[in-house]
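Coordinates from input.cif are shown below (mmCIF, C-alpha atoms).
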data_protein
#
loop_
_atom_site.label_atom_id
_atom_site.label_comp_id
_atom_site.auth_asym_id
_atom_site.auth_seq_id
_atom_site.Cartn_x
_atom_site.Cartn_y
_atom_site.Cartn_z
CA MET A 1151 0.00 0.00 0.00
CA GLY A 1152 1.31 3.41 -0.93
CA ALA A 1153 2.32 5.95 1.68
CA GLN A 1154 -0.24 8.48 0.52
CA LEU A 1155 -3.08 6.01 0.64
CA ARG A 1156 -2.10 5.02 4.18
CA VAL A 1157 -2.17 8.65 5.31
CA TYR A 1158 -5.66 9.14 3.89
CA ARG A 1159 -6.94 5.96 5.54
CA GLN A 1160 -5.56 7.14 8.87
CA LYS A 1161 -7.32 10.48 8.49
CA ILE A 1162 -10.60 8.81 7.63
CA LYS A 1163 -10.33 6.58 10.66
CA SER A 1164 -9.61 9.49 12.99
CA ALA A 1165 -12.53 11.51 11.58
CA GLN A 1166 -14.78 8.50 12.10
CA THR A 1167 -13.75 8.12 15.74
CA THR A 1168 -14.25 11.84 16.38
CA LYS A 1169 -17.62 11.65 14.71
CA LYS A 1170 -18.69 8.86 17.04
CA ILE A 1171 -17.79 11.00 20.04
CA THR A 1172 -19.46 14.17 18.78
CA ARG A 1173 -22.56 12.24 17.79
CA ALA A 1174 -22.81 10.74 21.27
CA MET A 1175 -22.35 14.16 22.89
CA GLU A 1176 -25.00 15.60 20.63
CA LEU A 1177 -27.49 12.94 21.66
CA ILE A 1178 -26.67 13.32 25.34
CA SER A 1179 -27.11 17.09 25.20
CA ALA A 1180 -30.36 16.74 23.28
CA SER A 1181 -31.80 14.57 26.01
CA ARG A 1182 -30.52 16.90 28.73
CA ILE A 1183 -31.94 20.09 27.24
CA TYR A 1184 -35.37 18.67 27.74
CA LYS A 1185 -34.70 17.97 31.41
CA ALA A 1186 -33.06 21.37 31.90
CA GLN A 1187 -36.03 23.09 30.31
CA GLN A 1188 -38.37 21.20 32.57
CA ARG A 1189 -36.38 22.38 35.58
CA VAL A 1190 -36.65 25.97 34.40
CA ALA A 1191 -40.39 25.50 34.03
CA ALA A 1192 -40.67 23.81 37.42
CA SER A 1193 -38.91 26.67 39.18
CA ASN A 1194 -41.15 29.27 37.55
CA PRO A 1195 -44.03 29.15 40.07
CA TYR A 1196 -41.57 29.86 42.86
CA SER A 1197 -39.89 32.82 41.24
CA ARG A 1198 -43.27 34.17 40.15
CA ALA A 1199 -44.63 33.95 43.68
CA VAL A 1200 -41.50 35.55 45.15
CA THR A 1201 -41.52 38.35 42.59
CA ARG A 1202 -45.18 39.07 43.21
CA ALA A 1203 -44.66 39.22 46.92
CA VAL A 1204 -41.65 41.53 46.59
CA SER A 1205 -43.49 43.90 44.30
CA ALA A 1206 -46.45 43.82 46.66
CA VAL A 1207 -44.32 44.94 49.59
CA ALA A 1208 -42.34 47.40 47.51
CA THR A 1209 -45.47 49.00 46.04
CA TYR A 1210 -47.97 48.78 48.87
CA SER A 1211 -45.79 49.96 51.68
CA ASN A 1212 -43.52 52.94 51.89
CA VAL A 1213 -40.59 51.31 53.55
CA ALA A 1214 -37.15 52.45 52.49
CA HIS A 1215 -34.99 49.38 52.51
CA PRO A 1216 -31.25 49.48 51.82
CA LEU A 1217 -31.66 46.80 49.17
CA THR A 1218 -34.19 48.79 47.18
CA THR A 1219 -32.86 52.32 47.47
CA GLU A 1220 -30.22 53.60 45.12
CA PRO A 1221 -27.06 54.56 47.02
CA ALA A 1222 -25.86 58.14 46.53
CA ARG A 1223 -22.54 57.04 45.10
CA ILE A 1224 -21.65 53.79 43.44
CA ASP A 1225 -17.92 53.23 43.75
CA ARG A 1226 -17.59 49.52 43.31
CA ALA A 1227 -19.69 47.09 41.34
CA ALA A 1228 -19.72 43.32 41.52
CA VAL A 1229 -20.13 41.30 38.34
CA VAL A 1230 -21.26 37.70 38.57
CA ILE A 1231 -20.40 35.65 35.50
CA PHE A 1232 -22.23 32.41 34.78
CA THR A 1233 -20.35 30.08 32.42
CA SER A 1234 -20.18 26.32 32.02
CA ASP A 1235 -17.85 23.80 33.60
CA ARG A 1236 -17.05 21.99 30.41
CA GLY A 1237 -16.18 23.17 26.94
CA LEU A 1238 -17.23 21.87 23.52
CA ALA A 1239 -20.30 24.05 23.64
CA GLY A 1240 -19.45 26.47 20.86
CA ALA A 1241 -19.26 30.10 21.86
CA PHE A 1242 -21.37 29.55 24.98
CA SER A 1243 -18.81 30.62 27.57
CA SER A 1244 -16.88 33.08 25.44
CA ASN A 1245 -20.08 34.98 24.61
CA VAL A 1246 -20.76 35.53 28.29
CA LEU A 1247 -17.16 36.50 28.98
CA LYS A 1248 -17.26 38.97 26.09
CA GLU A 1249 -20.46 40.47 27.45
CA ALA A 1250 -18.82 40.74 30.87
CA ASP A 1251 -15.85 42.55 29.30
CA GLN A 1252 -18.16 45.06 27.68
CA LEU A 1253 -19.94 45.61 30.98
CA THR A 1254 -16.58 46.06 32.69
CA ASN A 1255 -15.59 48.75 30.19
CA LEU A 1256 -18.89 50.51 30.71
CA LEU A 1257 -18.53 50.43 34.48
CA HIS A 1258 -14.95 51.65 34.29
CA GLU A 1259 -16.11 54.55 32.14
CA GLN A 1260 -18.57 55.45 34.84
CA GLY A 1261 -15.68 55.53 37.26
CA LYS A 1262 -16.60 52.37 39.12
CA GLU A 1263 -14.27 49.74 40.37
CA VAL A 1264 -15.23 46.20 39.32
CA VAL A 1265 -14.89 42.98 41.28
CA TYR A 1266 -15.78 39.54 39.97
CA TYR A 1267 -17.65 36.49 41.18
CA LEU A 1268 -17.31 33.50 38.90
CA VAL A 1269 -19.52 30.50 38.34
CA GLY A 1270 -18.22 27.67 36.18
CA ARG A 1271 -14.80 26.26 35.43
CA LYS A 1272 -14.53 28.07 32.08
CA ALA A 1273 -14.75 31.50 33.70
CA VAL A 1274 -12.15 30.51 36.28
CA ALA A 1275 -9.81 29.20 33.57
CA ASN A 1276 -10.28 32.36 31.53
CA PHE A 1277 -9.48 34.58 34.50
CA GLY A 1278 -6.47 32.46 35.39
CA PHE A 1279 -5.17 32.77 31.85
CA ARG A 1280 -5.58 36.53 31.80
CA ARG A 1281 -4.20 36.83 35.30
CA ARG A 1282 -7.26 38.55 36.64
CA THR A 1283 -8.46 38.01 40.15
CA ALA A 1284 -11.92 37.09 41.32
CA VAL A 1285 -13.33 37.51 44.80
CA GLN A 1286 -15.01 34.15 44.88
CA GLN A 1287 -15.69 31.30 42.51
CA TRP A 1288 -17.98 28.31 42.34
CA ILE A 1289 -17.17 25.36 40.15
CA GLY A 1290 -18.88 22.07 39.45
CA GLY A 1291 -22.50 21.38 38.76
CA THR A 1292 -23.27 24.09 36.22
CA ASP A 1293 -25.16 21.59 34.10
CA LEU A 1294 -27.36 20.59 37.02
CA PRO A 1295 -27.66 23.62 39.32
CA GLN A 1296 -28.68 23.08 42.92
CA VAL A 1297 -30.63 25.46 45.13
CA GLU A 1298 -27.89 25.20 47.75
CA THR A 1299 -25.33 26.71 45.37
CA ALA A 1300 -27.71 29.54 44.55
CA HIS A 1301 -28.17 30.08 48.28
CA GLU A 1302 -24.40 30.24 48.83
CA ILE A 1303 -23.91 32.72 45.99
CA ALA A 1304 -26.78 34.87 47.26
CA GLN A 1305 -25.32 34.87 50.78
CA ALA A 1306 -21.87 35.88 49.52
CA LEU A 1307 -23.29 38.68 47.39
CA LEU A 1308 -25.52 40.01 50.14
CA ALA A 1309 -22.63 39.99 52.58
CA ALA A 1310 -20.55 42.03 50.12
CA PHE A 1311 -23.47 44.35 49.45
CA ASN A 1312 -24.03 45.00 53.14
CA THR A 1313 -20.37 45.86 53.70
CA ASP A 1314 -19.20 49.46 53.36
CA TYR A 1315 -17.12 50.50 50.38
CA ALA A 1316 -14.19 51.28 52.65
CA ASP A 1317 -14.21 47.71 53.99
CA GLY A 1318 -14.27 46.18 50.53
CA GLY A 1319 -18.01 46.03 50.01
CA VAL A 1320 -19.87 46.63 46.77
CA ASP A 1321 -22.68 49.06 45.95
CA GLU A 1322 -24.06 47.39 42.88
CA ILE A 1323 -24.39 43.82 41.62
CA HIS A 1324 -24.73 42.70 38.02
CA LEU A 1325 -25.42 39.22 36.71
CA VAL A 1326 -24.08 38.18 33.31
CA SER A 1327 -25.54 34.95 32.00
CA ASN A 1328 -26.96 33.22 28.97
CA ARG A 1329 -30.70 33.36 28.64
CA PHE A 1330 -32.39 30.41 26.97
CA VAL A 1331 -34.56 31.71 24.15
CA SER A 1332 -34.94 28.59 22.05
CA MET A 1333 -33.01 25.51 21.01
CA ILE A 1334 -31.03 27.58 18.53
CA ALA A 1335 -30.81 30.95 20.27
CA GLN A 1336 -29.18 31.68 23.61
CA ILE A 1337 -28.57 35.32 24.35
CA PRO A 1338 -25.93 36.57 26.78
CA GLU A 1339 -27.62 39.06 29.03
CA VAL A 1340 -26.74 41.53 31.76
CA VAL A 1341 -29.16 42.05 34.62
CA ARG A 1342 -28.65 44.45 37.47
CA LEU A 1343 -29.55 42.53 40.59
CA LEU A 1344 -28.97 45.12 43.27
CA PRO A 1345 -30.12 47.77 44.01
CA LEU A 1346 -33.33 46.13 43.09
CA GLU A 1347 -35.38 46.78 40.00
CA VAL A 1348 -38.28 44.43 40.37
CA VAL A 1349 -39.03 43.00 36.98
CA GLU A 1350 -42.32 41.60 35.67
CA GLY A 1351 -43.89 43.05 38.78
CA THR A 1352 -47.30 44.49 39.37
CA GLU A 1353 -47.43 48.02 38.10
CA ALA A 1354 -47.24 50.74 40.69
CA PRO A 1355 -50.80 51.69 41.56
CA GLU A 1356 -52.17 55.13 40.78
CA ALA A 1357 -52.28 57.46 43.73
CA SER A 1358 -56.08 57.57 43.63
CA GLU A 1359 -56.45 53.80 43.38
CA VAL A 1360 -57.45 51.85 46.43
CA PHE A 1361 -54.70 49.40 47.33
CA PRO A 1362 -55.50 46.01 48.67
CA LEU A 1363 -54.31 46.70 52.16
CA TYR A 1364 -51.70 44.15 52.99
CA GLU A 1365 -51.28 43.07 56.51
CA PHE A 1366 -47.63 42.37 57.26
CA GLU A 1367 -46.69 39.83 59.79
CA PRO A 1368 -44.71 40.79 61.93
CA ASP A 1369 -44.22 44.13 60.08
CA ALA A 1370 -43.32 45.47 56.65
CA VAL A 1371 -39.64 46.02 57.38
CA LYS A 1372 -39.12 42.53 58.74
CA VAL A 1373 -41.05 40.97 55.89
CA LEU A 1374 -38.93 42.88 53.39
CA ASP A 1375 -35.81 41.86 55.28
CA ALA A 1376 -36.73 38.22 54.93
CA LEU A 1377 -38.13 38.46 51.44
CA LEU A 1378 -35.37 40.22 49.55
CA PRO A 1379 -32.65 37.62 50.11
CA VAL A 1380 -35.12 34.99 48.97
CA TYR A 1381 -35.90 37.05 45.89
CA ILE A 1382 -32.23 37.49 45.07
CA GLU A 1383 -31.61 33.82 45.55
CA SER A 1384 -34.47 32.94 43.26
CA ARG A 1385 -33.12 35.30 40.58
CA ILE A 1386 -29.70 33.71 40.86
CA PHE A 1387 -31.15 30.21 40.75
CA ASN A 1388 -33.18 31.17 37.71
CA ALA A 1389 -30.05 32.51 35.99
CA MET A 1390 -28.26 29.25 36.77
CA LEU A 1391 -31.07 27.12 35.37
CA GLN A 1392 -31.33 29.25 32.23
CA SER A 1393 -27.60 29.02 31.81
CA ALA A 1394 -27.68 25.24 32.19
CA ALA A 1395 -30.41 24.89 29.58
CA SER A 1396 -28.49 27.20 27.25
CA GLU A 1397 -25.31 25.23 27.81
CA HIS A 1398 -26.94 22.00 26.69
CA ALA A 1399 -28.56 23.69 23.71
CA ALA A 1400 -25.27 25.32 22.69
CA ARG A 1401 -23.44 22.02 23.06
CA GLN A 1402 -26.00 20.18 21.02
CA LYS A 1403 -25.69 22.75 18.25
CA ALA A 1404 -21.89 22.70 18.33
CA MET A 1405 -21.75 18.91 18.32
CA LYS A 1406 -24.28 18.71 15.52
CA SER A 1407 -22.11 20.86 13.29
CA ALA A 1408 -19.00 18.93 14.38
CA THR A 1409 -20.68 15.70 13.32
CA ASP A 1410 -21.68 17.25 10.00
CA ASN A 1411 -18.14 18.46 9.45
CA ALA A 1412 -16.75 15.02 10.25
CA ASP A 1413 -19.10 13.58 7.62
CA LYS A 1414 -17.84 16.07 5.10
CA LEU A 1415 -14.21 15.29 5.98
CA ILE A 1416 -14.78 11.56 5.67
CA LYS A 1417 -16.38 12.04 2.26
CA ASN A 1418 -13.54 14.21 0.99
CA TYR A 1419 -10.82 11.91 2.29
CA THR A 1420 -12.58 8.87 0.84
CA ARG A 1421 -12.56 10.53 -2.57
CA LEU A 1422 -8.89 11.45 -2.22
CA SER A 1423 -7.96 7.97 -1.08
CA ASN A 1424 -9.88 6.42 -3.98
CA ALA A 1425 -8.00 8.66 -6.38
CA ALA A 1426 -4.71 7.73 -4.72
CA ARG A 1427 -5.50 4.04 -4.94
CA GLN A 1428 -6.52 4.33 -8.57
CA SER A 1429 -3.39 6.22 -9.53
CA GLU A 1430 -1.31 3.63 -7.69
CA ILE A 1431 -2.99 0.85 -9.65
CA THR A 1432 -2.53 2.75 -12.90
CA GLN A 1433 1.11 3.22 -12.12
CA GLN A 1434 1.58 -0.46 -11.32
CA ILE A 1435 -0.14 -1.51 -14.54
CA SER A 1436 1.96 0.82 -16.62
CA GLU A 1437 5.08 -0.48 -14.86
CA ILE A 1438 4.12 -4.08 -15.63
CA VAL A 1439 3.18 -3.28 -19.21
CA GLY A 1440 6.36 -1.27 -19.62
CA GLY A 1441 8.41 -4.09 -18.09
CA ALA A 1442 6.80 -6.76 -20.31
CA ASP A 1443 7.28 -4.57 -23.33
CA ALA A 1444 10.95 -4.12 -22.52
CA LEU A 1445 11.38 -7.88 -22.02
CA SER A 1446 9.71 -8.82 -25.31
CA THR A 1447 11.72 -6.25 -27.28
CA ALA A 1448 14.90 -7.59 -25.64
CA GLY A 1449 13.87 -11.21 -26.62
CA ASN A 1450 13.23 -10.23 -30.27
CA GLU A 1451 16.63 -8.68 -30.62
CA ASP A 1452 18.36 -11.88 -29.62
CA MET B 1459 -69.18 28.87 50.07
CA ALA B 1460 -66.06 30.42 48.72
CA THR B 1461 -62.95 28.33 48.85
CA LEU B 1462 -59.30 29.12 49.08
CA ARG B 1463 -57.07 28.49 46.15
CA VAL B 1464 -53.87 27.15 47.63
CA GLU B 1465 -50.47 26.98 46.02
CA LEU B 1466 -47.60 25.35 47.80
CA VAL B 1467 -44.37 25.97 45.93
CA ALA B 1468 -40.75 25.10 46.64
CA ALA B 1469 -37.72 26.52 44.84
CA GLU B 1470 -37.39 23.58 42.50
CA GLN B 1471 -40.98 22.72 41.77
CA ALA B 1472 -44.60 23.35 42.65
CA VAL B 1473 -45.47 20.93 45.44
CA TRP B 1474 -49.22 21.07 45.60
CA SER B 1475 -52.06 23.26 44.42
CA GLY B 1476 -55.80 23.04 44.70
CA GLU B 1477 -58.95 24.23 46.42
CA ALA B 1478 -59.19 24.10 50.19
CA LYS B 1479 -61.46 25.05 53.05
CA MET B 1480 -58.80 26.08 55.51
CA VAL B 1481 -55.05 26.50 55.72
CA VAL B 1482 -53.09 26.42 58.94
CA ALA B 1483 -49.47 27.53 58.82
CA LYS B 1484 -46.81 28.48 61.29
CA THR B 1485 -45.46 32.00 60.99
CA VAL B 1486 -42.75 33.61 63.09
CA GLU B 1487 -45.52 35.10 65.22
CA GLY B 1488 -47.21 31.78 65.82
CA GLU B 1489 -49.71 29.53 64.12
CA ILE B 1490 -52.24 31.16 61.88
CA GLY B 1491 -55.42 29.74 60.44
CA LEU B 1492 -56.73 31.11 57.16
CA LEU B 1493 -60.33 30.86 56.01
CA PRO B 1494 -61.86 32.15 52.77
CA GLY B 1495 -62.30 35.92 52.83
CA HIS B 1496 -59.14 36.57 54.78
CA GLU B 1497 -57.62 40.02 54.36
CA PRO B 1498 -54.52 40.37 52.14
CA MET B 1499 -51.51 39.38 54.17
CA LEU B 1500 -47.82 38.67 53.84
CA ALA B 1501 -46.12 36.74 56.61
CA ILE B 1502 -42.78 35.12 57.20
CA LEU B 1503 -43.00 31.38 57.75
CA ALA B 1504 -41.29 29.66 60.59
CA SER B 1505 -40.11 26.22 59.60
CA GLY B 1506 -42.80 23.79 60.48
CA GLU B 1507 -45.92 22.14 59.26
CA VAL B 1508 -48.55 23.50 56.91
CA ARG B 1509 -51.96 21.84 57.18
CA ILE B 1510 -54.43 22.18 54.37
CA THR B 1511 -58.01 21.06 54.96
CA LEU B 1512 -59.80 20.15 51.76
CA GLU B 1513 -63.52 20.63 51.22
CA SER B 1514 -64.05 16.93 51.72
CA GLY B 1515 -62.54 17.29 55.16
CA GLU B 1516 -59.42 15.47 54.15
CA GLN B 1517 -56.21 16.92 55.47
CA ILE B 1518 -52.96 17.43 53.61
CA LYS B 1519 -49.83 18.02 55.59
CA ALA B 1520 -46.61 19.48 54.29
CA SER B 1521 -43.38 20.65 55.78
CA ALA B 1522 -42.07 24.04 54.77
CA GLU B 1523 -38.79 25.67 55.54
CA ASP B 1524 -37.47 29.16 54.92
CA GLY B 1525 -40.24 30.97 53.23
CA PHE B 1526 -43.27 33.17 53.41
CA LEU B 1527 -47.00 33.10 53.02
CA SER B 1528 -49.18 35.45 51.08
CA VAL B 1529 -52.94 35.80 50.99
CA GLU B 1530 -54.76 37.87 48.41
CA ASN B 1531 -58.28 37.50 46.98
CA ASN B 1532 -58.69 34.02 48.43
CA VAL B 1533 -55.42 32.89 46.88
CA VAL B 1534 -52.99 31.52 49.41
CA SER B 1535 -49.41 31.01 48.31
CA VAL B 1536 -47.07 29.19 50.61
CA VAL B 1537 -43.60 29.76 49.21
CA ALA B 1538 -40.65 27.96 50.75
CA ARG B 1539 -37.15 27.12 49.66
CA GLN B 1540 -37.76 23.58 50.74
CA ALA B 1541 -41.20 22.08 50.99
CA ALA B 1542 -42.53 18.56 50.79
CA LEU B 1543 -45.74 16.73 51.45
CA ILE B 1544 -45.70 14.48 54.46
#
Have the structure of the file written as structure tokens, please.
Amino acid sequence: MGAQLRVYRQKIKSAQTTKKITRAMELISASRIYKAQQRVAASNPYSRAVTRAVSAVATYSNVAHPLTTEPARIDRAAVVIFTSDRGLAGAFSSNVLKEADQLTNLLHEQGKEVVYYLVGRKAVANFGFRRRTAVQQWIGGTDLPQVETAHEIAQALLAAFNTDYADGGVDEIHLVSNRFVSMIAQIPEVVRLLPLEVVEGTEAPEASEVFPLYEFEPDAVKVLDALLPVYIESRIFNAMLQSAASEHAARQKAMKSATDNADKLIKNYTRLSNAARQSEITQQISEIVGGADALSTAGNED
Amino acid sequence: MATLRVELVAAEQAVWSGEAKMVVAKTVEGEIGLLPGHEPMLAILASGEVRITLESGEQIKASAEDGFLSVENNVVSVVARQAALI
């Protein structure tokens, strides 16, 4: 067998093995998206209930709570970046990191210092490579987020938020994560978590409107105290779930195109190897014919 | 007679929802019983048991931890980080 032919065969074999792996990863991701989406859906009633309650307290009582009021000066902002633990998911993690970079530039322009909280091994690796420091990082389990992790992150962020600037605290918290739009679209998104802007909330009632008078037990301030950390945690958990669903979708898409590319490679190399084999055969035939010809001419001359 | 629409949700999934005659829950101030027509209320839950009495008289018990309770227009939402039927 000719050297060229052997090289092509090797390449075909390696593309086939890679294709097997990417195909398997594609199938695994496809089955996990469904589960991840179900988890997002299952957590919706909770976040809806929490959001409604928070907007109820925020709108129906006139309590000024440190978490809801805008501080006079914002000197330091925290950015929480949600990436994945594992790669091979296309631009999933790099999109988020790019978005975080843009946010950083914006915050720097506004004269704010930026500190980072990282979720996912990819963010940690990226920061390590660029020699940037992060305050805290959480790795493992980005494809199957747990409430406990969300709780931990929320606690860490709240602790930083409740600390003064002089002691290393932050005045503002942003979340950067992928939002799951559909199987083919995942959009990196920045959300300001604190100070609070309650989203999808009940609209503020008109001054003349009669409010349903809420009774707070024990009182509005305490209820708000207890409710806001829960709200923040639920927002973080939601971001983690969305990010997990997006990760699987992005991986499925990336692996699908990898499989397609492997197919294309195999086809091209098969053609090349066929051509190589054919030319080898042609060469051999012409050698034999040439050799026989030479022999017979030599015999005639004798 | 009006009934209460009860939703019991935990962080990861909705635990139970349905119509009920009465809900008894434990708040930080003590146990509270809710009947249809209760005024709008928001309370912090103490970890403990939530008892839901159905119209048939049947009782459903659940444990709830770390959460709150809201009542509005005969809709009772018990929201807890961790909740499970017992």
In Å to one decimal, how far is atom CA of Glu1507 of chain B from atom CA of Asp1524 of chain B?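 Atom CA of Asp1524 of chain B sits 11.8 Å away from atom CA of Glu1507 of chain B.
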Show me, as a Markdown table, the residues of chain B having an atom within 12 Å of chain A, each with the closest atom pair and its distance in Å, using only C-alpha atoms.
| residue | atom | partner | partner_atom | distance |
| --- | --- | --- | --- | --- |
| B:Glu1465 | CA | A:Pro1195 | CA | 9.0 |
| B:Leu1466 | CA | A:Tyr1196 | CA | 9.0 |
| B:Val1467 | CA | A:Tyr1196 | CA | 5.7 |
| B:Ala1468 | CA | A:Tyr1196 | CA | 6.1 |
| B:Ala1469 | CA | A:Tyr1196 | CA | 5.5 |
| B:Glu1470 | CA | A:Ser1193 | CA | 4.8 |
| B:Gln1471 | CA | A:Ala1192 | CA | 4.5 |
| B:Ala1472 | CA | A:Pro1195 | CA | 6.4 |
| B:Val1473 | CA | A:Ala1192 | CA | 9.8 |
| B:Trp1474 | CA | A:Pro1195 | CA | 11.1 |
| B:Ser1475 | CA | A:Pro1195 | CA | 10.9 |
| B:Lys1484 | CA | A:Glu1367 | CA | 11.4 |
| B:Thr1485 | CA | A:Glu1367 | CA | 8.0 |
| B:Val1486 | CA | A:Pro1368 | CA | 7.5 |
| B:Glu1487 | CA | A:Pro1368 | CA | 6.6 |
| B:Gly1488 | CA | A:Glu1367 | CA | 10.1 |
| B:Glu1489 | CA | A:Glu1367 | CA | 11.6 |
| B:Ile1490 | CA | A:Glu1367 | CA | 10.5 |
| B:His1496 | CA | A:Glu1365 | CA | 10.3 |
| B:Glu1497 | CA | A:Tyr1364 | CA | 7.3 |
| B:Pro1498 | CA | A:Tyr1364 | CA | 4.8 |
| B:Met1499 | CA | A:Glu1365 | CA | 4.4 |
| B:Leu1500 | CA | A:Phe1366 | CA | 5.0 |
| B:Ala1501 | CA | A:Glu1367 | CA | 4.5 |
| B:Ile1502 | CA | A:Val1373 | CA | 6.2 |
| B:Leu1503 | CA | A:Glu1367 | CA | 9.4 |
| B:Ala1504 | CA | A:Ala1376 | CA | 11.2 |
| B:Glu1523 | CA | A:Val1380 | CA | 12.0 |
| B:Asp1524 | CA | A:Val1380 | CA | 8.7 |
| B:Gly1525 | CA | A:Val1380 | CA | 7.8 |
| B:Phe1526 | CA | A:Leu1377 | CA | 7.6 |
| B:Leu1527 | CA | A:Ala1203 | CA | 9.0 |
| B:Ser1528 | CA | A:Ala1203 | CA | 7.2 |
| B:Val1529 | CA | A:Tyr1364 | CA | 8.7 |
| B:Glu1530 | CA | A:Pro1362 | CA | 8.2 |
| B:Asn1531 | CA | A:Pro1362 | CA | 9.1 |
| B:Val1533 | CA | A:Ala1199 | CA | 11.3 |
| B:Val1534 | CA | A:Ala1199 | CA | 10.4 |
| B:Ser1535 | CA | A:Ala1199 | CA | 7.3 |
| B:Val1536 | CA | A:Ala1199 | CA | 8.8 |
| B:Val1537 | CA | A:Tyr1196 | CA | 6.7 |
| B:Ala1538 | CA | A:Tyr1196 | CA | 8.2 |
| B:Arg1539 | CA | A:Val1297 | CA | 8.1 |
| B:Gln1540 | CA | A:Val1297 | CA | 9.3 |
| B:Ala1541 | CA | A:Tyr1196 | CA | 11.3 |
With a distance cut-off of 8 Å and only C-alpha atoms, select the neighbouring residues of Phe1330 of chain A, excluding the residue or stretch itself and same-chain residues fewer than 3 positions from it, and output the selection as JSON, numbers by chain. {"A": [1333, 1335, 1336, 1337, 1392, 1393, 1395, 1396]}
Compute the distance from (-18.8, 22.2, 22.8) to each atom, counting only C-alpha atoms, keep the residues with any atom at most 7 Å away, and return them as a list in words; use the coordinates of the file.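 With a cut-off of 7 Å, the residues come to Gly1237, Leu1238, Ala1239, Gly1240, Arg1401, Ala1404 and Met1405 of chain A.
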I'd like the contact shell of Asp1321 of chain A - 6 Å cut-off, only C-alpha atoms, skipping same-chain residues fewer than 3 positions apart - returned as number ranges by chain. A: 1224, 1226-1227, 1311
As a check of understanding, name the residues that the PyMOL selection byres ((chain B and resi 1521) around 9) selects in the supplied structure, as a list in words.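 After applying the PyMOL selection byres ((chain B and resi 1521) around 9), what remains is Ser1505, Gly1506, Glu1507, Val1508, Arg1509, Lys1519, Ala1520, Ala1522, Glu1523, Gln1540, Ala1541, Ala1542, Leu1543 and Ile1544 of chain B.
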Between B:Arg1463, B:Leu1493, B:Ala1478, B:Asn1532, which has the minimum distance to Gln1517 of chain B (counting all atoms listed in the file)?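 Comparing B:Arg1463, B:Leu1493, B:Ala1478, B:Asn1532 against Gln1517 of chain B, the winner is B:Ala1478.
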Atom-to-atom span, atom CA of Ala1275 of chain A and atom CA of Thr1409 of chain A, Å: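 One can read the atom CA of Ala1275 of chain A to atom CA of Thr1409 of chain A distance as 26.7 Å.
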Return as AutoDock Vina command-line options the box centre and box size in Å, one decimal, for an axis-aligned box around all listed atoms of segment 1174-1192 of chain A padded by 4 Å per side.
--center_x -31.5 --center_y 18.4 --center_z 29.0 --size_x 26.3 --size_y 23.2 --size_z 24.8
What is the atom CA of Ala1304 of chain A-atom CA of Asn1328 of chain A distance in Å, reported with one decimal? 18.4 Å
Residue contacts of Phe1242 of chain A (8 Å, all atoms listed in the file) excluding same-chain residues fewer than 4 positions away, as a ChimeraX atom specification: /A:1233-1234,1246,1328,1396-1397,1400
Name the residues in contact with segment 1416-1427 of chain A at a cut-off of 10 Å, using only C-alpha atoms, excluding same-chain residues fewer than 5 positions from it; report them as a ChimeraX atom specification. /A:1151-1166,1169,1410-1411,1432-1433
